[in-house]
>>> print(open('structure04.cif').read())   # mmCIF, C-alpha atoms
data_work
loop_
_atom_site.label_atom_id
_atom_site.label_comp_id
_atom_site.auth_asym_id
_atom_site.auth_seq_id
_atom_site.Cartn_x
_atom_site.Cartn_y
_atom_site.Cartn_z
CA MET A 1 -41.56 -104.30 -28.51
CA SER A 2 -41.30 -101.25 -30.76
CA ASN A 3 -44.11 -100.29 -33.14
CA PRO A 4 -44.47 -103.09 -35.74
CA SER A 5 -45.18 -100.56 -38.48
CA PHE A 6 -41.72 -99.00 -38.07
CA GLY A 7 -38.92 -100.00 -40.40
CA ALA A 8 -36.02 -98.86 -42.53
CA HIS A 9 -38.09 -96.21 -44.33
CA THR A 10 -39.75 -94.71 -41.25
CA THR A 11 -38.91 -91.04 -40.75
CA ALA A 12 -37.98 -89.25 -37.57
CA GLU A 13 -40.99 -86.99 -38.04
CA GLU A 14 -43.33 -89.99 -38.11
CA VAL A 15 -41.85 -91.35 -34.89
CA ALA A 16 -41.92 -87.95 -33.19
CA THR A 17 -45.55 -87.42 -34.16
CA LEU A 18 -46.57 -90.79 -32.76
CA TYR A 19 -44.68 -90.19 -29.51
CA SER A 20 -45.42 -86.48 -29.25
CA ALA A 21 -46.57 -86.94 -25.65
CA GLN A 22 -43.11 -88.27 -24.77
CA ILE A 23 -41.53 -85.07 -26.13
CA SER A 24 -43.91 -82.53 -24.63
CA SER A 25 -42.48 -80.81 -21.54
CA LYS A 26 -39.26 -82.88 -21.68
CA THR A 27 -35.68 -81.65 -21.54
CA ILE A 28 -33.60 -83.29 -24.28
CA LEU A 29 -29.85 -82.86 -24.75
CA ILE A 30 -28.27 -83.68 -28.12
CA THR A 31 -24.54 -83.61 -28.87
CA GLY A 32 -23.10 -83.01 -32.32
CA VAL A 33 -25.58 -80.75 -34.13
CA SER A 34 -23.49 -79.88 -37.17
CA PRO A 35 -25.10 -78.93 -40.50
CA ASN A 36 -25.94 -81.96 -42.64
CA GLY A 37 -25.61 -84.18 -39.57
CA LEU A 38 -28.02 -86.51 -37.81
CA GLY A 39 -27.92 -84.59 -34.54
CA LEU A 40 -29.43 -81.46 -36.04
CA HIS A 41 -32.03 -83.42 -37.98
CA THR A 42 -32.99 -85.25 -34.79
CA ALA A 43 -33.52 -81.90 -33.08
CA LEU A 44 -35.57 -80.63 -36.03
CA ALA A 45 -37.90 -83.62 -35.72
CA LEU A 46 -38.40 -83.08 -31.99
CA ALA A 47 -38.71 -79.29 -31.91
CA PRO A 48 -42.33 -78.93 -33.18
CA HIS A 49 -43.66 -81.15 -30.36
CA SER A 50 -43.28 -78.70 -27.46
CA PRO A 51 -40.23 -79.93 -25.56
CA HIS A 52 -39.57 -78.04 -22.35
CA LEU A 53 -36.04 -77.40 -23.59
CA LEU A 54 -33.70 -78.58 -26.33
CA ILE A 55 -30.06 -78.42 -25.25
CA LEU A 56 -27.60 -78.55 -28.12
CA ALA A 57 -23.87 -79.19 -27.96
CA ALA A 58 -21.19 -78.69 -30.60
CA ARG A 59 -17.57 -77.62 -30.90
CA SER A 60 -18.07 -74.16 -32.41
CA PRO A 61 -20.33 -71.17 -31.71
CA ARG A 62 -21.07 -70.82 -35.43
CA THR A 63 -22.37 -74.40 -35.61
CA LEU A 64 -24.52 -73.88 -32.54
CA GLU A 65 -26.04 -70.64 -33.75
CA ALA A 66 -26.79 -72.18 -37.15
CA ALA A 67 -28.50 -75.11 -35.44
CA LYS A 68 -30.58 -72.78 -33.29
CA SER A 69 -31.66 -70.80 -36.34
CA ALA A 70 -32.63 -73.98 -38.18
CA ILE A 71 -34.75 -75.13 -35.25
CA HIS A 72 -36.51 -71.80 -34.90
CA ALA A 73 -37.28 -71.89 -38.62
CA VAL A 74 -39.49 -74.95 -38.02
CA ALA A 75 -40.51 -74.27 -34.40
CA PRO A 76 -40.18 -70.56 -33.61
CA THR A 77 -41.18 -70.86 -29.95
CA CYS A 78 -39.08 -73.92 -29.09
CA PRO A 79 -36.74 -73.13 -26.16
CA VAL A 80 -33.13 -73.84 -27.12
CA ARG A 81 -29.98 -73.69 -25.02
CA LEU A 82 -26.46 -74.00 -26.43
CA PHE A 83 -23.13 -75.04 -24.99
CA MET A 84 -19.68 -75.88 -26.29
CA LEU A 85 -18.46 -79.47 -26.13
CA ASP A 86 -15.13 -80.75 -27.46
CA LEU A 87 -15.15 -84.51 -26.95
CA SER A 88 -11.51 -84.87 -27.96
CA ARG A 89 -10.23 -83.27 -24.73
CA LEU A 90 -11.14 -84.71 -21.34
CA ALA A 91 -10.62 -81.33 -19.67
CA ALA A 92 -13.08 -79.75 -22.11
CA VAL A 93 -15.60 -82.54 -21.47
CA ARG A 94 -15.36 -81.91 -17.72
CA GLU A 95 -15.74 -78.17 -18.26
CA ALA A 96 -18.85 -78.68 -20.41
CA ALA A 97 -20.41 -81.12 -17.94
CA ASN A 98 -19.76 -78.73 -15.07
CA GLU A 99 -21.47 -75.97 -17.02
CA VAL A 100 -24.57 -78.14 -17.41
CA LEU A 101 -24.51 -79.09 -13.73
CA ARG A 102 -24.26 -75.42 -12.73
CA TRP A 103 -27.48 -74.47 -14.51
CA LYS A 104 -29.71 -73.94 -11.49
CA ASP A 105 -32.86 -73.77 -13.61
CA LEU A 106 -32.14 -77.23 -15.04
CA ASP A 107 -33.09 -79.82 -12.47
CA LYS A 108 -33.26 -82.81 -14.80
CA ILE A 109 -32.41 -84.20 -18.23
CA ASP A 110 -35.06 -86.53 -19.60
CA VAL A 111 -33.11 -87.70 -22.64
CA LEU A 112 -29.41 -87.53 -23.49
CA ILE A 113 -28.57 -88.35 -27.11
CA ASN A 114 -24.85 -88.93 -27.59
CA ASN A 115 -24.79 -88.25 -31.32
CA ALA A 116 -21.44 -86.54 -31.93
CA GLY A 117 -18.67 -88.56 -33.51
CA VAL A 118 -15.98 -88.99 -36.14
CA MET A 119 -15.35 -91.76 -38.67
CA SER A 120 -12.24 -93.41 -40.10
CA THR A 121 -9.92 -90.51 -39.33
CA PRO A 122 -6.19 -90.66 -40.08
CA TRP A 123 -3.98 -91.82 -37.20
CA GLU A 124 -3.91 -89.22 -34.46
CA THR A 125 -3.94 -89.13 -30.69
CA THR A 126 -5.63 -86.54 -28.51
CA VAL A 127 -3.87 -84.29 -26.02
CA ASP A 128 -4.72 -87.02 -23.49
CA GLY A 129 -2.81 -89.60 -25.52
CA VAL A 130 -5.83 -91.59 -26.73
CA GLU A 131 -6.52 -92.63 -30.33
CA MET A 132 -8.83 -90.00 -31.79
CA GLN A 133 -11.83 -92.15 -32.76
CA PHE A 134 -11.86 -94.00 -29.44
CA ALA A 135 -11.61 -90.66 -27.62
CA VAL A 136 -14.29 -88.75 -29.52
CA ASN A 137 -16.73 -91.58 -30.15
CA HIS A 138 -16.45 -93.37 -26.81
CA LEU A 139 -14.34 -91.89 -24.05
CA GLY A 140 -15.63 -88.32 -24.27
CA PRO A 141 -19.32 -89.31 -24.39
CA TRP A 142 -18.75 -91.92 -21.65
CA LEU A 143 -17.23 -89.30 -19.36
CA PHE A 144 -19.81 -86.63 -20.17
CA THR A 145 -22.69 -89.05 -19.56
CA ASN A 146 -21.31 -90.09 -16.19
CA LEU A 147 -20.65 -86.52 -15.10
CA VAL A 148 -24.19 -85.30 -15.87
CA MET A 149 -25.80 -88.51 -14.61
CA PRO A 150 -27.29 -86.83 -11.49
CA LYS A 151 -29.55 -84.78 -13.79
CA ILE A 152 -30.53 -87.90 -15.75
CA VAL A 153 -31.27 -89.84 -12.56
CA ALA A 154 -33.49 -86.98 -11.40
CA ALA A 155 -35.70 -87.60 -14.44
CA GLN A 156 -35.33 -91.39 -14.47
CA GLY A 157 -34.25 -90.54 -17.97
CA ARG A 158 -32.96 -92.29 -21.05
CA VAL A 159 -29.50 -92.29 -22.67
CA VAL A 160 -28.94 -93.03 -26.36
CA PHE A 161 -25.59 -93.76 -28.02
CA LEU A 162 -25.16 -93.47 -31.79
CA SER A 163 -23.30 -96.63 -32.74
CA SER A 164 -23.09 -98.20 -36.19
CA LEU A 165 -23.15 -101.45 -38.10
CA GLY A 166 -19.48 -100.56 -38.48
CA HIS A 167 -18.98 -102.04 -35.02
CA VAL A 168 -18.55 -105.38 -36.80
CA TYR A 169 -15.15 -104.17 -38.08
CA GLY A 170 -13.57 -104.67 -34.67
CA GLY A 171 -14.09 -105.22 -30.97
CA VAL A 172 -12.44 -103.27 -28.19
CA ARG A 173 -8.69 -103.91 -28.05
CA PHE A 174 -8.63 -103.97 -24.26
CA GLU A 175 -4.85 -104.32 -24.07
CA ASP A 176 -4.03 -101.85 -26.85
CA VAL A 177 -6.69 -99.30 -27.84
CA ASN A 178 -3.92 -97.21 -29.43
CA PHE A 179 -2.83 -99.78 -32.03
CA ASP A 180 0.82 -100.01 -30.95
CA ASP A 181 1.04 -96.22 -30.96
CA GLY A 182 -0.22 -96.16 -34.52
CA GLU A 183 2.10 -98.82 -35.91
CA THR A 184 -0.80 -101.22 -36.58
CA TYR A 185 -3.50 -98.56 -37.02
CA ASP A 186 -6.40 -99.35 -39.32
CA ALA A 187 -8.98 -96.56 -39.54
CA ASP A 188 -11.92 -98.91 -40.11
CA VAL A 189 -10.95 -101.26 -37.29
CA ALA A 190 -10.51 -98.27 -34.99
CA TYR A 191 -13.95 -97.01 -35.98
CA GLY A 192 -15.36 -100.46 -35.25
CA GLN A 193 -13.68 -100.44 -31.86
CA SER A 194 -15.26 -97.11 -30.94
CA LYS A 195 -18.72 -98.14 -32.14
CA THR A 196 -18.47 -101.44 -30.25
CA ALA A 197 -17.66 -99.36 -27.19
CA ASN A 198 -20.90 -97.39 -27.66
CA ILE A 199 -22.93 -100.58 -27.61
CA LEU A 200 -21.11 -101.97 -24.58
CA THR A 201 -21.53 -98.69 -22.70
CA ALA A 202 -25.30 -98.92 -23.15
CA VAL A 203 -25.16 -102.52 -21.88
CA ALA A 204 -23.18 -101.46 -18.81
CA LEU A 205 -25.37 -98.44 -18.05
CA ALA A 206 -28.54 -100.51 -18.36
CA GLU A 207 -27.30 -102.89 -15.69
CA ARG A 208 -25.75 -100.28 -13.42
CA MET A 209 -28.67 -97.84 -13.54
CA ARG A 210 -31.58 -100.28 -13.54
CA ALA A 211 -32.41 -99.70 -9.87
CA LYS A 212 -32.46 -95.93 -10.44
CA GLY A 213 -34.88 -96.08 -13.35
CA VAL A 214 -32.45 -94.89 -16.02
CA THR A 215 -32.49 -96.75 -19.35
CA ALA A 216 -29.86 -96.84 -22.09
CA PHE A 217 -29.81 -97.88 -25.74
CA SER A 218 -27.46 -97.87 -28.73
CA VAL A 219 -28.53 -97.49 -32.34
CA HIS A 220 -27.38 -98.10 -35.90
CA PRO A 221 -28.83 -95.22 -37.96
CA GLY A 222 -28.21 -96.87 -41.33
CA LEU A 223 -26.18 -95.63 -44.28
CA VAL A 224 -26.71 -91.87 -44.46
CA LEU A 225 -24.47 -89.54 -46.44
CA THR A 226 -23.46 -86.92 -43.88
CA ASN A 227 -20.30 -84.97 -43.10
CA LEU A 228 -19.29 -87.90 -40.87
CA THR A 229 -17.81 -89.60 -43.93
CA ARG A 230 -15.60 -86.66 -44.89
CA HIS A 231 -12.40 -88.52 -43.93
CA VAL A 232 -13.26 -91.66 -45.91
CA PRO A 233 -11.53 -91.76 -49.34
CA MET A 234 -13.75 -92.63 -52.30
CA GLU A 235 -11.58 -95.67 -53.08
CA VAL A 236 -12.52 -97.12 -49.69
CA PHE A 237 -16.20 -96.88 -50.59
CA ARG A 238 -15.42 -98.58 -53.91
CA GLU A 239 -13.46 -101.37 -52.22
CA LYS A 240 -16.35 -102.06 -49.86
CA GLY A 241 -18.82 -102.18 -52.74
CA PHE A 242 -20.73 -99.11 -51.60
CA VAL A 243 -20.20 -97.18 -54.85
CA ASP A 244 -19.25 -97.94 -58.45
CA ASP A 245 -16.30 -96.44 -60.32
CA ALA A 246 -18.34 -93.33 -61.07
CA GLY A 247 -19.21 -92.83 -57.42
CA ASN A 248 -22.84 -93.95 -57.72
CA LEU A 249 -24.30 -95.70 -54.69
CA LEU A 250 -24.72 -99.47 -55.02
CA VAL A 251 -26.31 -100.10 -51.63
CA PRO A 252 -29.54 -98.74 -50.12
CA SER A 253 -29.09 -95.48 -48.26
CA LYS A 254 -31.37 -93.46 -46.04
CA THR A 255 -32.39 -89.84 -45.98
CA HIS A 256 -31.36 -87.82 -42.95
CA SER A 257 -34.89 -88.13 -41.60
CA GLN A 258 -34.89 -91.91 -42.01
CA GLY A 259 -31.45 -92.09 -40.44
CA CYS A 260 -32.65 -90.19 -37.37
CA ALA A 261 -35.75 -92.32 -36.90
CA THR A 262 -34.06 -95.12 -34.95
CA THR A 263 -32.51 -92.55 -32.62
CA VAL A 264 -35.93 -91.04 -31.95
CA VAL A 265 -37.39 -94.49 -31.27
CA ALA A 266 -34.58 -95.22 -28.80
CA ALA A 267 -35.12 -91.86 -27.13
CA LEU A 268 -38.90 -91.94 -26.83
CA ASP A 269 -40.57 -95.31 -27.40
CA PRO A 270 -42.20 -96.33 -24.09
CA TYR A 271 -42.66 -99.90 -25.25
CA ILE A 272 -38.93 -100.68 -25.28
CA ALA A 273 -38.26 -99.46 -21.73
CA GLY A 274 -38.03 -103.06 -20.57
CA ARG A 275 -35.26 -103.75 -23.09
CA SER A 276 -32.71 -101.35 -21.63
CA GLY A 277 -29.24 -102.08 -22.98
CA ALA A 278 -30.54 -103.14 -26.38
CA TYR A 279 -29.09 -102.24 -29.77
CA LEU A 280 -31.61 -100.89 -32.30
CA CYS A 281 -31.57 -101.02 -36.09
CA ASP A 282 -34.27 -99.81 -38.52
CA CYS A 283 -36.40 -98.60 -35.60
CA LYS A 284 -36.52 -102.03 -33.95
CA VAL A 285 -34.66 -103.81 -31.20
CA ASP A 286 -32.10 -105.97 -32.95
CA HIS A 287 -32.30 -109.66 -32.15
CA GLY A 288 -28.78 -110.53 -33.27
CA ASP A 289 -28.83 -110.12 -37.04
CA VAL A 290 -26.46 -107.15 -37.00
CA TRP A 291 -25.20 -107.29 -33.40
CA ALA A 292 -21.71 -108.79 -33.29
CA GLU A 293 -20.79 -111.13 -30.45
CA HIS A 294 -17.85 -108.97 -29.40
CA ALA A 295 -20.32 -106.15 -28.66
CA LYS A 296 -22.47 -108.26 -26.33
CA GLY A 297 -22.32 -109.34 -22.73
CA ILE A 298 -21.96 -107.71 -19.34
CA GLU A 299 -18.44 -109.13 -18.96
CA ASN A 300 -17.17 -107.18 -21.98
CA ALA A 301 -19.20 -104.15 -20.89
CA GLU A 302 -17.68 -104.11 -17.41
CA LYS A 303 -14.20 -104.67 -18.80
CA LEU A 304 -14.68 -101.59 -20.99
CA TRP A 305 -16.01 -99.65 -18.00
CA ALA A 306 -12.87 -100.40 -16.00
CA LEU A 307 -10.66 -99.49 -18.96
CA SER A 308 -12.50 -96.19 -19.39
CA GLU A 309 -12.16 -95.34 -15.70
CA GLY A 310 -8.44 -95.89 -15.98
CA LEU A 311 -8.15 -93.65 -19.03
CA VAL A 312 -10.05 -90.75 -17.46
CA GLY A 313 -8.55 -91.26 -14.00
CA GLU A 314 -11.86 -91.39 -12.17
CA LYS A 315 -14.21 -94.11 -10.97
CA PHE A 316 -17.96 -93.99 -11.55
CA GLU A 317 -19.95 -96.46 -9.50
CA CYS A 318 -23.38 -95.37 -10.75
#
>>> encode(input="structure04.cif", output="C-alpha cells")
Amino acid sequence: MSNPSFGAHTTAEEVATLYSAQISSKTILITGVSPNGLGLHTALALAPHSPHLLILAARSPRTLEAAKSAIHAVAPTCPVRLFMLDLSRLAAVREAANEVLRWKDLDKIDVLINNAGVMSTPWETTVDGVEMQFAVNHLGPWLFTNLVMPKIVAAQGRVVFLSSLGHVYGGVRFEDVNFDDGETYDADVAYGQSKTANILTAVALAERMRAKGVTAFSVHPGLVLTNLTRHVPMEVFREKGFVDDAGNLLVPSKTHSQGCATTVVAALDPYIAGRSGAYLCDCKVDHGDVWAEHAKGIENAEKLWALSEGLVGEKFEC
C-alpha cells in the first residue's frame, strides 16, 4: 500500500523527498510540460533529486526552452533533454518516438509520465479523422508508449497516465468514438471517454507487461486550475457547482504541487508495485470510491486495445 501519511494535501516535493532514492540516477520522460501545467511542476519536484536525465516533451520549442530554464532555476545541474511531440497527429507521434529510439546514449526509460492532454474542446477531428480529445488524451499517448516500450522494458520501468475523475462522465463509445461525426458531440462526455481510456490502458498494460516487469498506473490529480481548463466556459463551471456567479470556487481545489503529488506517487512508490493497473487518487490506490465500473476490467481494456490498434493501423502484442 502507499504511504498512509499521504493524502489530498500532500505535495509533490514531499513525495519526491521521501522517494529520493527512486529518482536518483533514473531516466524520467514527461510529456506536456507547458507553463502553469502539472507536467512542468512534476519535473520541478523531481529535478533536485539527481535524476540521470529528465526528458521533456511538448509541442513548441518555446515551451520546451521555458521548461528547461525553470528546471535549471531550481536544479542547475539537472540533465535535461527536449523533444517535440504533437499528440494530435499519428505521424508526428511516430516521428517523436523514432527520435527517442534513435538516441544511442539512451538505453532505457525508467519512468514514462503521459501527462499531456486537452479538456472539453469544441468539436474537431484530427488530420487522422479522430475526435480531438480521444486522439490527444488517449490515442497519441497509447501509440507513443507502445513505440518506446523497448526502452521501458529495458529498465523494467513504470508508465503513468494522467486520467481524471472526469472519467465518470462517459465510458468508451467502442462503436462510435467520433459521436456520429460530431452530430451528438458532448465535450464533457468526450473528455470522460478519453480519461476512461487512460485508465483502461493502464489496466491492459499491467496485464500485458507483467511478465516483463513493467508496471502501469493511472491517476486523478484532483481539481487544479491549470491551462487545461482554457476551453471550458465559465457557465459550465457554474452549472456543475464548481463556482458561484462571481466565479469564486465552491469546491476544494489543489495547488499545482498537491495536484502533482499523486503522479509522483504513481511514478516512484515502491510499495504499490504489486498493484500494477491501479487507479490512484489523493496519493492512494483507489478502492472503488471514484473508479467508475465502465473504466474497470480486462475485457473493456482489451476491447479498447483492439480499437486503438485499428485506429493507428498497427498491432502491438507487448
>>> residues_around(input="structure04.cif", residues="Asn3 in chain A", least_positions_apart="3", cutoff="12 Å", atoms="only C-alpha atoms", output="mmCIF file with C-alpha atoms, in the coordinates of the input")
data_model
loop_
_atom_site.group_PDB
_atom_site.id
_atom_site.type_symbol
_atom_site.label_atom_id
_atom_site.label_comp_id
_atom_site.auth_asym_id
_atom_site.auth_seq_id
_atom_site.Cartn_x
_atom_site.Cartn_y
_atom_site.Cartn_z
ATOM 1 C CA PHE A 6 -41.720 -99.000 -38.070
ATOM 2 C CA GLY A 7 -38.920 -100.000 -40.400
ATOM 3 C CA THR A 10 -39.750 -94.710 -41.250
ATOM 4 C CA GLU A 14 -43.330 -89.990 -38.110
ATOM 5 C CA VAL A 15 -41.850 -91.350 -34.890
ATOM 6 C CA LEU A 18 -46.570 -90.790 -32.760
ATOM 7 C CA TYR A 19 -44.680 -90.190 -29.510
ATOM 8 C CA THR A 262 -34.060 -95.120 -34.950
ATOM 9 C CA VAL A 265 -37.390 -94.490 -31.270
ATOM 10 C CA ALA A 266 -34.580 -95.220 -28.800
ATOM 11 C CA LEU A 268 -38.900 -91.940 -26.830
ATOM 12 C CA ASP A 269 -40.570 -95.310 -27.400
ATOM 13 C CA PRO A 270 -42.200 -96.330 -24.090
ATOM 14 C CA TYR A 271 -42.660 -99.900 -25.250
ATOM 15 C CA ILE A 272 -38.930 -100.680 -25.280
ATOM 16 C CA ASP A 282 -34.270 -99.810 -38.520
ATOM 17 C CA CYS A 283 -36.400 -98.600 -35.600
ATOM 18 C CA LYS A 284 -36.520 -102.030 -33.950
ATOM 19 C CA VAL A 285 -34.660 -103.810 -31.200
#
>>> atom_distance(input="structure04.cif", atom1="CA of Ile55 in chain A", atom2="CA of Gly157 in chain A")
14.7 Å
>>> residues_around(input="structure04.cif", residues="Glu65 in chain A", least_positions_apart="5", cutoff="12 Å", atoms="only C-alpha atoms", output="PDB file with C-alpha atoms, in the frame of the given file")
ATOM      1  CA  VAL A  33     -25.580 -80.750 -34.130  1.00  0.00           C
ATOM      2  CA  SER A  34     -23.490 -79.880 -37.170  1.00  0.00           C
ATOM      3  CA  PRO A  35     -25.100 -78.930 -40.500  1.00  0.00           C
ATOM      4  CA  LEU A  40     -29.430 -81.460 -36.040  1.00  0.00           C
ATOM      5  CA  LEU A  56     -27.600 -78.550 -28.120  1.00  0.00           C
ATOM      6  CA  ALA A  57     -23.870 -79.190 -27.960  1.00  0.00           C
ATOM      7  CA  ALA A  58     -21.190 -78.690 -30.600  1.00  0.00           C
ATOM      8  CA  ARG A  59     -17.570 -77.620 -30.900  1.00  0.00           C
ATOM      9  CA  SER A  60     -18.070 -74.160 -32.410  1.00  0.00           C
ATOM     10  CA  ALA A  70     -32.630 -73.980 -38.180  1.00  0.00           C
ATOM     11  CA  ILE A  71     -34.750 -75.130 -35.250  1.00  0.00           C
ATOM     12  CA  HIS A  72     -36.510 -71.800 -34.900  1.00  0.00           C
ATOM     13  CA  VAL A  80     -33.130 -73.840 -27.120  1.00  0.00           C
ATOM     14  CA  ARG A  81     -29.980 -73.690 -25.020  1.00  0.00           C
ATOM     15  CA  LEU A  82     -26.460 -74.000 -26.430  1.00  0.00           C
ATOM     16  CA  PHE A  83     -23.130 -75.040 -24.990  1.00  0.00           C
ATOM     17  CA  MET A  84     -19.680 -75.880 -26.290  1.00  0.00           C
TER      18      MET A  84
END
>>> closest_residue(input="structure04.cif", among="A:Thr31, A:Ser24, A:Gln258, A:Thr196", to="Leu46 in chain A", atoms="only C-alpha atoms")
A:Ser24
>>> closest_residue(input="structure04.cif", among="A:Ala295, A:Leu280, A:Leu101, A:Ala273", to="Gln156 in chain A", atoms="only C-alpha atoms")
A:Ala273
>>> residues_around(input="structure04.cif", residues="Tyr279 in chain A", least_positions_apart="4", cutoff="10 Å", atoms="all atoms listed in the file", output="list in words")
Val160, Phe161, Leu162, Ser163, Ser164, Asn198, Ile199, Leu200, Ala202, Val203, Ala216, Phe217, Ser218, Val219, His220, Ala266, Arg275, Lys284, Val285, Asp286, His287, Gly288, Val290, Trp291, Ala295 and Lys296 of chain A
>>> atom_distance(input="structure04.cif", atom1="CA of Phe144 in chain A", atom2="CA of Glu124 in chain A")
21.5 Å
>>> atom_distance(input="structure04.cif", atom1="CA of Ala73 in chain A", atom2="CA of His41 in chain A")
12.7 Å
>>> resolve_selection(input="structure04.cif", expression="the PyMOL selection byres ((chain A and resi 175-177) around 9)", output="JSON, numbers by chain")
{"A": [130, 131, 134, 172, 173, 174, 178, 179, 180, 181, 190, 193]}
>>> closest_residue(input="structure04.cif", among="A:Ala45, A:Val189, A:Leu311, A:Val118", to="Trp142 in chain A", atoms="all atoms listed in the file")
A:Leu311
>>> decode(input="structure04.cif", residues="range 144-189 of chain A", atoms="C-alpha atoms", output="short mmCIF file (atom, residue, chain, number, x, y, z; two decimals), in the first residue's frame")
data_model
loop_
_atom_site.label_atom_id
_atom_site.label_comp_id
_atom_site.auth_asym_id
_atom_site.auth_seq_id
_atom_site.Cartn_x
_atom_site.Cartn_y
_atom_site.Cartn_z
CA PHE A 144 3.86 6.71 -28.19
CA THR A 145 4.02 4.40 -25.17
CA ASN A 146 3.91 1.30 -27.33
CA LEU A 147 6.54 2.59 -29.73
CA VAL A 148 9.07 3.43 -26.98
CA MET A 149 8.22 0.32 -24.96
CA PRO A 150 11.57 -1.40 -25.73
CA LYS A 151 13.33 1.31 -23.71
CA ILE A 152 10.84 0.91 -20.85
CA VAL A 153 11.21 -2.87 -20.86
CA ALA A 154 14.99 -2.44 -20.67
CA ALA A 155 14.51 -0.68 -17.31
CA GLN A 156 11.59 -2.81 -16.13
CA GLY A 157 10.12 0.63 -15.85
CA ARG A 158 6.85 2.26 -14.89
CA VAL A 159 4.23 4.04 -17.01
CA VAL A 160 1.83 6.64 -15.60
CA PHE A 161 -1.27 8.01 -17.34
CA LEU A 162 -2.89 11.26 -16.19
CA SER A 163 -6.58 10.44 -16.06
CA SER A 164 -9.27 12.31 -14.14
CA LEU A 165 -12.35 11.94 -12.01
CA GLY A 166 -13.94 13.28 -15.18
CA HIS A 167 -13.83 9.71 -16.49
CA VAL A 168 -17.19 9.25 -14.78
CA TYR A 169 -18.78 11.46 -17.48
CA GLY A 170 -18.59 8.66 -20.02
CA GLY A 171 -17.13 5.31 -20.97
CA VAL A 172 -15.50 4.45 -24.27
CA ARG A 173 -18.01 4.50 -27.13
CA PHE A 174 -16.49 1.44 -28.79
CA GLU A 175 -18.79 1.62 -31.81
CA ASP A 176 -18.66 5.40 -32.25
CA VAL A 177 -15.76 7.31 -30.65
CA ASN A 178 -16.50 10.19 -33.05
CA PHE A 179 -20.03 10.92 -31.81
CA ASP A 180 -21.80 10.44 -35.16
CA ASP A 181 -19.22 12.69 -36.82
CA GLY A 182 -19.97 15.40 -34.29
CA GLU A 183 -23.76 15.28 -34.54
CA THR A 184 -24.11 14.01 -30.96
CA TYR A 185 -20.89 15.53 -29.61
CA ASP A 186 -20.78 16.50 -25.95
CA ALA A 187 -17.44 17.94 -24.84
CA ASP A 188 -17.70 16.61 -21.28
CA VAL A 189 -18.74 13.12 -22.37
#
